[in-house]
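As provided, protein.cif (mmCIF, C-alpha atoms and all ligand atoms) reads as follows.
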```cif
data_model
#
loop_
_atom_site.label_atom_id
_atom_site.label_comp_id
_atom_site.auth_asym_id
_atom_site.auth_seq_id
_atom_site.Cartn_x
_atom_site.Cartn_y
_atom_site.Cartn_z
CA ALA A 1 21.10 10.14 23.26
CA TYR A 2 18.31 9.47 20.79
CA ASP A 3 14.73 8.94 21.90
CA VAL A 4 14.43 6.42 19.07
CA LEU A 5 17.35 4.89 17.19
CA VAL A 6 16.44 2.77 14.19
CA VAL A 7 19.06 0.30 12.95
CA GLY A 8 18.36 -0.61 9.31
CA GLY A 9 17.17 1.52 6.41
CA GLY A 10 14.90 -0.78 4.41
CA PRO A 11 11.09 -0.44 4.24
CA ALA A 12 10.70 -1.33 7.94
CA GLY A 13 13.38 1.09 9.14
CA ALA A 14 12.16 3.93 6.92
CA ALA A 15 8.58 3.54 8.15
CA ALA A 16 9.76 3.38 11.78
CA ALA A 17 11.86 6.54 11.37
CA ILE A 18 9.00 8.52 9.81
CA TYR A 19 6.51 7.47 12.48
CA ALA A 20 8.97 8.37 15.26
CA ALA A 21 9.93 11.74 13.77
CA ARG A 22 6.26 12.68 13.40
CA LYS A 23 6.00 12.49 17.20
CA GLY A 24 8.59 15.26 17.44
CA ILE A 25 11.11 13.10 19.28
CA ARG A 26 14.84 12.82 18.58
CA THR A 27 15.19 10.15 15.92
CA GLY A 28 18.19 8.60 14.18
CA VAL A 29 18.56 5.90 11.52
CA ALA A 30 21.81 4.00 11.03
CA ALA A 31 22.00 1.60 8.08
CA GLU A 32 24.58 -0.35 6.18
CA ARG A 33 22.80 0.37 2.90
CA PHE A 34 19.79 2.67 2.87
CA GLY A 35 17.02 1.02 0.85
CA GLY A 36 17.85 -2.56 1.88
CA GLN A 37 16.71 -5.50 -0.25
CA VAL A 38 14.56 -3.15 -2.30
CA LEU A 39 17.78 -1.95 -3.97
CA ASP A 40 18.27 -5.47 -5.39
CA THR A 41 14.76 -5.75 -6.80
CA LEU A 42 13.77 -4.98 -10.34
CA ALA A 43 10.01 -4.84 -10.87
CA ILE A 44 7.70 -4.40 -7.88
CA GLU A 45 4.04 -4.98 -8.73
CA ASN A 46 2.56 -5.72 -5.30
CA PHE A 47 3.24 -2.49 -3.42
CA ILE A 48 -0.40 -1.62 -2.98
CA SER A 49 -1.60 1.60 -4.69
CA VAL A 50 1.49 1.69 -6.94
CA LYS A 51 0.73 -0.48 -9.99
CA GLU A 52 4.34 -0.93 -10.93
CA THR A 53 7.67 0.44 -9.78
CA GLU A 54 11.34 -0.48 -9.69
CA GLY A 55 13.42 -1.26 -6.60
CA PRO A 56 15.95 1.58 -6.87
CA LYS A 57 13.08 4.03 -7.51
CA LEU A 58 11.21 2.90 -4.39
CA ALA A 59 14.46 2.96 -2.35
CA ALA A 60 15.09 6.58 -3.44
CA ALA A 61 11.49 7.46 -2.53
CA LEU A 62 11.92 5.90 0.92
CA GLU A 63 15.00 8.02 1.59
CA GLU A 64 13.37 11.16 0.22
CA HIS A 65 10.35 10.65 2.47
CA VAL A 66 12.52 10.12 5.57
CA LYS A 67 14.48 13.27 4.70
CA GLN A 68 11.24 15.30 4.85
CA TYR A 69 11.57 14.96 8.61
CA ASP A 70 14.10 15.90 11.21
CA VAL A 71 15.83 12.51 11.23
CA GLU A 72 19.58 11.99 11.43
CA ILE A 73 20.44 9.49 8.69
CA MET A 74 23.72 7.64 9.11
CA ASN A 75 24.31 5.58 5.98
CA LEU A 76 27.10 2.99 5.51
CA GLN A 77 27.08 2.11 9.20
CA THR A 78 27.30 -1.55 10.18
CA ALA A 79 26.10 -2.42 13.67
CA GLU A 80 28.28 -5.04 15.34
CA LYS A 81 26.94 -5.29 18.86
CA LEU A 82 23.97 -4.33 21.00
CA ILE A 83 24.36 -3.63 24.69
CA THR A 84 20.89 -3.42 26.20
CA ALA A 85 20.07 -1.09 29.09
CA LYS A 86 20.99 -2.43 32.50
CA GLU A 87 17.98 -0.98 34.25
CA GLN A 88 14.42 -0.03 33.25
CA GLY A 89 14.54 3.36 31.51
CA GLY A 90 18.32 3.18 30.97
CA LEU A 91 20.07 3.69 27.63
CA HIS A 92 20.67 1.02 25.00
CA GLU A 93 23.98 1.19 23.14
CA VAL A 94 24.85 0.08 19.63
CA LEU A 95 28.48 -0.41 18.64
CA PHE A 96 29.42 0.02 14.97
CA ALA A 97 32.15 -1.51 12.80
CA ASN A 98 33.90 1.87 12.44
CA GLY A 99 34.32 2.12 16.22
CA ALA A 100 31.46 4.58 16.77
CA SER A 101 28.75 3.96 19.33
CA LEU A 102 25.25 5.40 19.61
CA LYS A 103 22.95 5.48 22.63
CA ALA A 104 19.17 5.57 22.69
CA LYS A 105 16.24 5.36 25.08
CA THR A 106 14.46 3.04 22.65
CA LEU A 107 15.81 1.02 19.78
CA ILE A 108 14.11 -0.36 16.69
CA VAL A 109 15.92 -3.28 15.08
CA ALA A 110 15.12 -3.41 11.34
CA THR A 111 18.19 -5.06 9.84
CA GLY A 112 16.25 -7.31 7.48
CA ALA A 113 17.37 -10.56 5.95
CA ARG A 114 19.06 -12.00 2.89
CA TRP A 115 18.22 -14.99 0.70
CA ARG A 116 20.74 -17.79 0.86
CA LYS A 117 22.37 -18.20 -2.54
CA MET A 118 23.30 -21.44 -4.34
CA ASN A 119 26.74 -20.02 -5.18
CA VAL A 120 26.86 -21.64 -8.60
CA PRO A 121 28.06 -20.11 -11.89
CA GLY A 122 25.35 -18.01 -13.57
CA GLU A 123 23.31 -17.35 -10.43
CA LEU A 124 24.45 -13.76 -9.92
CA GLU A 125 24.69 -13.02 -13.64
CA TYR A 126 21.02 -13.97 -14.12
CA ALA A 127 19.62 -12.51 -10.88
CA ASN A 128 16.44 -10.62 -11.86
CA LYS A 129 16.82 -12.17 -15.35
CA GLY A 130 15.17 -15.46 -14.47
CA VAL A 131 16.81 -16.22 -11.13
CA ALA A 132 14.32 -15.20 -8.44
CA TYR A 133 13.99 -15.60 -4.69
CA CYS A 134 10.42 -14.54 -3.95
CA PRO A 135 7.49 -16.48 -5.48
CA HIS A 136 4.89 -14.01 -4.15
CA CYS A 137 6.77 -11.23 -5.92
CA ASP A 138 7.96 -12.74 -9.18
CA GLY A 139 5.67 -15.77 -9.79
CA PRO A 140 3.35 -13.93 -12.22
CA LEU A 141 6.35 -12.94 -14.42
CA PHE A 142 6.61 -16.62 -15.44
CA LYS A 143 2.94 -17.22 -16.28
CA GLY A 144 2.62 -20.17 -18.67
CA LYS A 145 6.37 -20.88 -18.68
CA PRO A 146 8.44 -23.71 -17.11
CA VAL A 147 10.32 -22.96 -13.88
CA ALA A 148 12.38 -24.78 -11.26
CA VAL A 149 12.27 -24.42 -7.51
CA ILE A 150 15.50 -25.18 -5.68
CA GLY A 151 14.96 -26.58 -2.18
CA GLY A 152 12.57 -29.17 -0.77
CA GLY A 153 11.94 -27.69 2.66
CA ASN A 154 8.65 -26.03 3.58
CA SER A 155 9.39 -22.82 1.69
CA GLY A 156 10.48 -24.67 -1.46
CA VAL A 157 7.47 -26.96 -1.50
CA GLU A 158 5.08 -24.08 -0.71
CA ALA A 159 6.66 -22.11 -3.56
CA ALA A 160 6.27 -25.07 -5.95
CA ILE A 161 2.57 -25.48 -5.03
CA ASP A 162 1.98 -21.74 -5.42
CA LEU A 163 3.84 -21.53 -8.76
CA ALA A 164 2.17 -24.66 -10.20
CA GLY A 165 -1.06 -22.66 -10.41
CA ILE A 166 0.59 -19.94 -12.52
CA VAL A 167 3.38 -21.45 -14.61
CA SER A 168 3.26 -24.32 -17.16
CA HIS A 169 5.49 -26.72 -15.23
CA VAL A 170 7.52 -26.81 -12.02
CA THR A 171 10.64 -28.93 -11.48
CA LEU A 172 11.48 -29.09 -7.78
CA ILE A 173 15.12 -29.89 -7.09
CA GLU A 174 16.25 -31.15 -3.68
CA PHE A 175 19.86 -31.95 -2.79
CA ASP A 176 18.96 -34.53 -0.14
CA THR A 177 17.50 -37.97 -0.87
CA ALA A 178 14.07 -36.88 0.42
CA LEU A 179 12.03 -33.69 0.73
CA ARG A 180 12.07 -32.11 4.18
CA ALA A 181 8.71 -30.28 3.98
CA ASP A 182 5.71 -31.19 6.17
CA ALA A 183 3.90 -34.34 4.99
CA VAL A 184 0.69 -32.44 4.23
CA LEU A 185 2.58 -30.11 1.86
CA GLN A 186 4.35 -33.04 0.19
CA ARG A 187 1.00 -34.77 -0.39
CA LYS A 188 -0.43 -31.63 -1.94
CA LEU A 189 2.65 -31.24 -4.16
CA MET A 190 2.51 -34.86 -5.38
CA SER A 191 -1.17 -34.43 -6.30
CA LEU A 192 -0.39 -31.70 -8.83
CA PRO A 193 -0.20 -32.75 -12.49
CA ASN A 194 2.43 -30.26 -13.62
CA VAL A 195 5.16 -30.84 -11.02
CA THR A 196 8.27 -33.05 -11.26
CA VAL A 197 10.31 -33.70 -8.12
CA LEU A 198 14.01 -34.51 -8.41
CA THR A 199 15.75 -35.59 -5.20
CA ASN A 200 19.42 -36.33 -4.61
CA ALA A 201 20.16 -33.67 -7.21
CA LEU A 202 22.76 -30.93 -6.95
CA THR A 203 22.30 -27.79 -9.04
CA THR A 204 25.69 -26.98 -10.58
CA GLU A 205 25.02 -24.15 -13.02
CA VAL A 206 22.46 -21.60 -14.19
CA VAL A 207 22.55 -21.26 -17.96
CA GLY A 208 21.19 -18.52 -20.19
CA ASP A 209 21.46 -16.77 -23.52
CA GLY A 210 23.25 -13.72 -22.13
CA ASN A 211 19.98 -11.86 -21.44
CA LYS A 212 17.88 -14.34 -19.56
CA VAL A 213 17.82 -17.79 -18.03
CA SER A 214 17.30 -20.71 -20.42
CA GLY A 215 17.86 -23.60 -18.02
CA LEU A 216 19.96 -25.18 -15.34
CA VAL A 217 22.41 -28.04 -15.03
CA TYR A 218 22.17 -30.50 -12.14
CA LYS A 219 24.14 -33.52 -11.12
CA ASP A 220 22.29 -36.71 -10.30
CA ARG A 221 24.15 -37.57 -7.09
CA ALA A 222 23.41 -41.29 -7.39
CA SER A 223 24.81 -41.78 -10.91
CA GLY A 224 27.12 -38.75 -11.05
CA GLU A 225 25.57 -37.81 -14.40
CA GLU A 226 24.96 -34.16 -15.32
CA ARG A 227 21.63 -33.23 -16.87
CA THR A 228 20.16 -30.02 -18.26
CA VAL A 229 16.57 -28.82 -17.73
CA GLU A 230 15.16 -26.08 -19.97
CA LEU A 231 13.49 -23.34 -17.95
CA ALA A 232 12.44 -19.72 -18.01
CA GLY A 233 12.84 -19.17 -14.28
CA ILE A 234 14.60 -20.53 -11.20
CA PHE A 235 13.26 -19.85 -7.70
CA VAL A 236 15.93 -20.37 -5.07
CA GLN A 237 14.30 -21.40 -1.78
CA ILE A 238 17.16 -22.63 0.36
CA GLY A 239 16.66 -20.25 3.24
CA LEU A 240 16.16 -16.65 4.28
CA VAL A 241 18.89 -15.62 6.69
CA PRO A 242 18.06 -12.85 9.18
CA ASN A 243 20.77 -10.22 9.75
CA THR A 244 21.04 -10.85 13.48
CA ASP A 245 24.68 -11.80 14.08
CA TRP A 246 25.13 -8.49 15.90
CA LEU A 247 22.28 -9.32 18.30
CA LYS A 248 23.43 -12.70 19.52
CA GLY A 249 23.53 -12.80 23.31
CA SER A 250 21.64 -9.51 23.77
CA ILE A 251 18.02 -10.24 22.81
CA GLU A 252 16.10 -13.45 22.30
CA LEU A 253 16.29 -15.03 18.83
CA SER A 254 14.31 -17.94 17.40
CA GLY A 255 15.87 -21.23 16.27
CA ARG A 256 16.20 -19.68 12.80
CA GLY A 257 17.96 -16.64 14.24
CA GLU A 258 14.99 -14.27 13.85
CA VAL A 259 14.25 -11.66 16.52
CA ILE A 260 11.30 -12.87 18.58
CA ILE A 261 8.64 -10.16 18.89
CA ASP A 262 5.16 -9.92 20.33
CA GLU A 263 2.17 -8.35 18.59
CA ARG A 264 3.46 -4.86 19.43
CA GLY A 265 6.96 -5.45 18.05
CA GLN A 266 8.45 -5.71 21.56
CA THR A 267 11.55 -7.93 21.88
CA SER A 268 12.75 -9.75 25.02
CA SER A 269 14.44 -6.51 26.20
CA PRO A 270 12.14 -3.68 27.37
CA GLY A 271 12.59 -0.65 25.09
CA VAL A 272 14.05 -2.68 22.24
CA PHE A 273 11.57 -3.21 19.41
CA ALA A 274 12.00 -4.94 16.05
CA ALA A 275 10.23 -4.95 12.70
CA GLY A 276 10.28 -6.48 9.24
CA ASP A 277 12.21 -9.39 7.74
CA VAL A 278 14.60 -9.59 10.71
CA THR A 279 11.75 -10.75 12.98
CA THR A 280 9.58 -13.81 13.45
CA VAL A 281 6.68 -12.11 11.67
CA PRO A 282 5.46 -14.40 8.88
CA TYR A 283 5.58 -13.41 5.17
CA LYS A 284 8.52 -11.24 4.22
CA GLN A 285 7.15 -8.48 2.01
CA ILE A 286 7.56 -4.73 1.56
CA VAL A 287 4.02 -3.74 2.62
CA ILE A 288 4.29 -6.00 5.65
CA ALA A 289 7.71 -4.64 6.66
CA MET A 290 6.41 -1.07 6.41
CA GLY A 291 3.38 -1.82 8.55
CA GLU A 292 5.55 -3.58 11.12
CA GLY A 293 7.97 -0.63 11.17
CA ALA A 294 5.14 1.80 11.85
CA LYS A 295 3.83 -0.48 14.60
CA ALA A 296 7.22 -0.87 16.31
CA SER A 297 7.66 2.90 16.24
CA LEU A 298 4.28 3.58 17.84
CA SER A 299 5.14 0.98 20.49
CA ALA A 300 8.48 2.72 21.13
CA PHE A 301 6.66 6.03 21.60
CA ASP A 302 4.20 4.40 23.96
CA HIS A 303 7.14 2.98 25.94
CA LEU A 304 8.85 6.41 26.06
CA ILE A 305 5.85 8.23 27.52
CA ARG A 306 5.66 5.61 30.25
CA ILE A 307 9.36 5.59 31.26
CA THR A 308 9.54 9.39 31.32
CA ALA A 309 6.34 9.83 33.36
CA PRO A 310 6.91 11.90 36.55
P1 LIG A 401 15.67 -5.02 4.37
O1 LIG A 401 15.04 -4.52 3.13
O2 LIG A 401 16.48 -6.26 4.31
O3 LIG A 401 16.54 -3.83 4.98
C1 LIG A 401 17.46 -4.05 6.02
C2 LIG A 401 18.26 -2.81 6.31
O4 LIG A 401 19.16 -3.06 7.38
C3 LIG A 401 19.15 -2.36 5.15
O5 LIG A 401 19.26 -0.95 5.17
C4 LIG A 401 20.49 -3.00 5.50
O6 LIG A 401 21.61 -2.35 4.89
C5 LIG A 401 20.50 -2.79 6.99
N1 LIG A 401 21.39 -3.67 7.77
C6 LIG A 401 21.54 -5.01 7.72
N2 LIG A 401 22.45 -5.43 8.63
C7 LIG A 401 22.89 -4.31 9.26
C8 LIG A 401 23.81 -4.06 10.32
N3 LIG A 401 24.49 -5.02 10.92
N4 LIG A 401 24.01 -2.75 10.70
C9 LIG A 401 23.33 -1.74 10.12
N5 LIG A 401 22.44 -1.92 9.13
C10 LIG A 401 22.22 -3.19 8.70
N6 LIG A 401 8.81 -7.73 -1.50
C11 LIG A 401 7.67 -7.28 -2.04
O7 LIG A 401 6.75 -6.91 -1.30
N7 LIG A 401 7.52 -7.20 -3.40
C12 LIG A 401 8.50 -7.55 -4.29
O8 LIG A 401 8.32 -7.49 -5.50
C13 LIG A 401 9.73 -8.02 -3.72
N8 LIG A 401 10.72 -8.45 -4.54
C14 LIG A 401 11.92 -8.85 -3.98
C15 LIG A 401 12.96 -9.18 -4.86
C16 LIG A 401 14.19 -9.54 -4.33
C17 LIG A 401 15.31 -9.87 -5.28
C18 LIG A 401 14.38 -9.57 -2.92
C19 LIG A 401 15.73 -9.92 -2.34
C20 LIG A 401 13.34 -9.26 -2.06
C21 LIG A 401 12.09 -8.90 -2.59
N9 LIG A 401 11.00 -8.57 -1.76
C22 LIG A 401 9.85 -8.09 -2.30
C23 LIG A 401 11.11 -8.66 -0.28
C24 LIG A 401 11.31 -7.27 0.32
O9 LIG A 401 12.39 -6.63 -0.33
C25 LIG A 401 11.59 -7.40 1.83
O10 LIG A 401 10.51 -8.06 2.45
C26 LIG A 401 11.74 -6.02 2.48
O11 LIG A 401 12.77 -5.27 1.87
C27 LIG A 401 12.04 -6.17 3.98
O12 LIG A 401 12.27 -4.92 4.54
P2 LIG A 401 13.12 -4.72 5.85
O13 LIG A 401 13.19 -3.26 6.07
O14 LIG A 401 12.59 -5.59 6.92
O15 LIG A 401 14.58 -5.31 5.52
#
```
Would you mind writing the structure in this file as structure tokens?
Amino acid sequence: AYDVLVVGGGPAGAAAAIYAARKGIRTGVAAERFGGQVLDTLAIENFISVKETEGPKLAAALEEHVKQYDVEIMNLQTAEKLITAKEQGGLHEVLFANGASLKAKTLIVATGARWRKMNVPGELEYANKGVAYCPHCDGPLFKGKPVAVIGGGNSGVEAAIDLAGIVSHVTLIEFDTALRADAVLQRKLMSLPNVTVLTNALTTEVVGDGNKVSGLVYKDRASGEERTVELAGIFVQIGLVPNTDWLKGSIELSGRGEVIIDERGQTSSPGVFAAGDVTTVPYKQIVIAMGEGAKASLSAFDHLIRITAP
């Protein structure tokens, strides 16, 4: 059995694996896709101390750094179920889609999250070419240009307020007849001069010139009419979905399906820790996921020295 088994190979999982291995304990990492969301990212300009890099480059660097240590990397492994230890100090077991199972004294869950997509024509084609999911990451790329935000919940309205200070104009598009964000955020949004809010509007297509986004088409649900808005960017803010299906029934999840952790990364099951976008920790970013991964790993080590005390 492993002393520490990390499930997930994004920034959080990589950091957790390195911190565990540096303690000289038996460490394994199992991941569906080593690199995680970073693989889908083009420019990264907010990974502190690196002025600019690209997702695939950072993902390769993560793997290279993990490989410096005595860590067993199991790539292309999808976890399907967690069976937590029955008694204090017992082994946790993870079952994988290929039928394999791995046991560990401590487990670090770092399976990340994925942005919910609109599933309209053009969205995938123009991903990273105007279609964006993270305003903290990509907002500055659209400085002085018009953008849309899709989604009128808290994250959409927060994104619109944030972007309004950078871009020339923000069109916020909400499917429902009213925004769902907190009243205080809605008031702030309505006070901004360069924001237009469209409710009862369904985005039907992302349009572009073959290289980048030039606008979007939406249907006015009241009249049934289709209209086009010219834009340089589209921020899709209709939900970040944590990859926790495999954890249902084994550890405590929040209403949004995120793994609930305390300030040490401890979950509801002793010896099971979690880090990064899969958890309730606010702000889903690379530097944050890495810090959380390191923290969960140090907590796992701390747990190990206690359960193995004579
Ligand atoms: P993830 O990166 O999601 O990694 C999760 C890992 O778990 C992956 O290896 C995955 O394959 C694996 N996994 C998932 N389910 C299972 C399972 N059932 N079994 C086994 N393995 C599984 N952040 C920034 O700081 N700056 C940016 O510029 C930036 N740009 C972004 C651009 C895009 C398009 C996207 C999508 C995100 C961007 N982010 C950016 C956010 C950043 O990528 C995430 O915050 C970060 O990757 C989270 O790290 P993580 O390790 O928690 O999860």
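The gap separating CA of Lys212 in chain A from CA of Leu39 in chain A is 19.9 Å, in Å to one decimal.
Straight-line separation from CA of Thr228 in chain A to CA of Gly215 in chain A: 6.8 Å.
CA of Leu240 in chain A is found 11.9 Å from CA of Gly153 in chain A.
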Could you list, as number ranges by chain, all residues that come within 7 Å of ligand LIG 401 (chain A)? Count only C-alpha atoms and all ligand atoms. A: 7-13, 30-38, 40-47, 77-80, 110-115, 128, 132-134, 137-138, 243, 246, 275-278, 284-287, 289
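Nearest to Ala164 in chain A of all the residues A:Val184, A:Leu141, A:Gly271, A:Asn194 is A:Asn194, counting all atoms listed in the file.
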For Val236 in chain A, the closest of A:Leu95, A:Gln186, A:Gly151, A:Ser49 counting only C-alpha atoms is A:Gly151
Excluding same-chain residues fewer than 4 positions from range 177-183 of chain A, what lies within 7 Å of it counting all atoms listed in the file, as a PyMOL selection string? chain A and resi 152-154+157+187+199-200
With all atoms listed in the file as the counted atoms, please give the residues lying no more than 8 Å from Ile161 in chain A, apart from itself and same-chain residues fewer than 5 positions off, as a ChimeraX atom specification. /A:188-189,192
Sorted by chain and rising residue number, which residues of range 195-261 of chain A lie within 7 Å of range 142-146 of chain A, and what are their closest atom pairs and distances in Å to one decimal, counting all atoms listed in the file, as a Markdown table?
```
| residue | atom | partner | partner_atom | distance |
| --- | --- | --- | --- | --- |
| A:Leu231 | CA | A:Pro146 | CA | 5.1 |
| A:Ala232 | CA | A:Pro146 | CA | 5.7 |
| A:Gly233 | CA | A:Phe142 | CA | 6.8 |
```
Residue nearest Tyr69 in chain A among A:Ile260, A:Ala15, A:Ile238, A:Ile288 (counting all atoms listed in the file): A:Ala15
Between A:Ala14, A:Glu158, A:Asp3, A:Pro135, which is the closest to Gln68 in chain A once you count only C-alpha atoms? A:Ala14
Pick out the residues sitting within 12 Å of Asn119 in chain A, and hand them over as a VMD selection string; count all atoms listed in the file, and ignore anything fewer than 3 positions along from it in its own chain. chain A and resid 115 to 116 122 to 125 127 202 to 206 236 238
Which residue of A:Val259, A:Leu102, A:Val170, A:Val147 approaches Val241 in chain A most closely, using all atoms listed in the file: A:Val259
Report as JSON lines: every residue of range 207-281 of chain A with an atom at most 12 Å from range 290-307 of chain A, its closest pair of atoms, and their distance in Å to one decimal, counting all atoms listed in the file, with rows sorted by chain and ascending residue number.
```
{"residue": "A:Ile261", "atom": "CA", "partner": "A:Ala296", "partner_atom": "CA", "distance": 9.7}
{"residue": "A:Asp262", "atom": "CA", "partner": "A:Ala296", "partner_atom": "CA", "distance": 10.1}
{"residue": "A:Glu263", "atom": "CA", "partner": "A:Lys295", "partner_atom": "CA", "distance": 9.0}
{"residue": "A:Arg264", "atom": "CA", "partner": "A:Ser299", "partner_atom": "CA", "distance": 6.2}
{"residue": "A:Gly265", "atom": "CA", "partner": "A:Ala296", "partner_atom": "CA", "distance": 4.9}
{"residue": "A:Gln266", "atom": "CA", "partner": "A:Ala296", "partner_atom": "CA", "distance": 7.2}
{"residue": "A:Thr267", "atom": "CA", "partner": "A:Ala296", "partner_atom": "CA", "distance": 10.0}
{"residue": "A:Ser269", "atom": "CA", "partner": "A:His303", "partner_atom": "CA", "distance": 12.0}
{"residue": "A:Pro270", "atom": "CA", "partner": "A:His303", "partner_atom": "CA", "distance": 8.4}
{"residue": "A:Gly271", "atom": "CA", "partner": "A:His303", "partner_atom": "CA", "distance": 6.6}
{"residue": "A:Val272", "atom": "CA", "partner": "A:Ala300", "partner_atom": "CA", "distance": 7.8}
{"residue": "A:Phe273", "atom": "CA", "partner": "A:Ala296", "partner_atom": "CA", "distance": 5.8}
{"residue": "A:Ala274", "atom": "CA", "partner": "A:Ala296", "partner_atom": "CA", "distance": 6.3}
{"residue": "A:Ala275", "atom": "CA", "partner": "A:Gly293", "partner_atom": "CA", "distance": 5.1}
{"residue": "A:Gly276", "atom": "CA", "partner": "A:Glu292", "partner_atom": "CA", "distance": 5.9}
{"residue": "A:Asp277", "atom": "CA", "partner": "A:Glu292", "partner_atom": "CA", "distance": 9.5}
{"residue": "A:Val278", "atom": "CA", "partner": "A:Glu292", "partner_atom": "CA", "distance": 10.9}
{"residue": "A:Thr279", "atom": "CA", "partner": "A:Glu292", "partner_atom": "CA", "distance": 9.7}
{"residue": "A:Thr280", "atom": "CA", "partner": "A:Glu292", "partner_atom": "CA", "distance": 11.2}
{"residue": "A:Val281", "atom": "CA", "partner": "A:Glu292", "partner_atom": "CA", "distance": 8.6}
```
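Distances here use all atoms listed in the file; by that measure, the residue among A:Ile18, A:Arg221, A:Val120, A:Tyr126 closest to Glu64 in chain A is A:Ile18.
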Got a sec: who's within 10 Å of Lys67 in chain A, counting only C-alpha atoms, leaving out chain neighbours fewer than 5 positions off, as a PyMOL selection string? chain A and resi 14+17-18+61-62+72-73
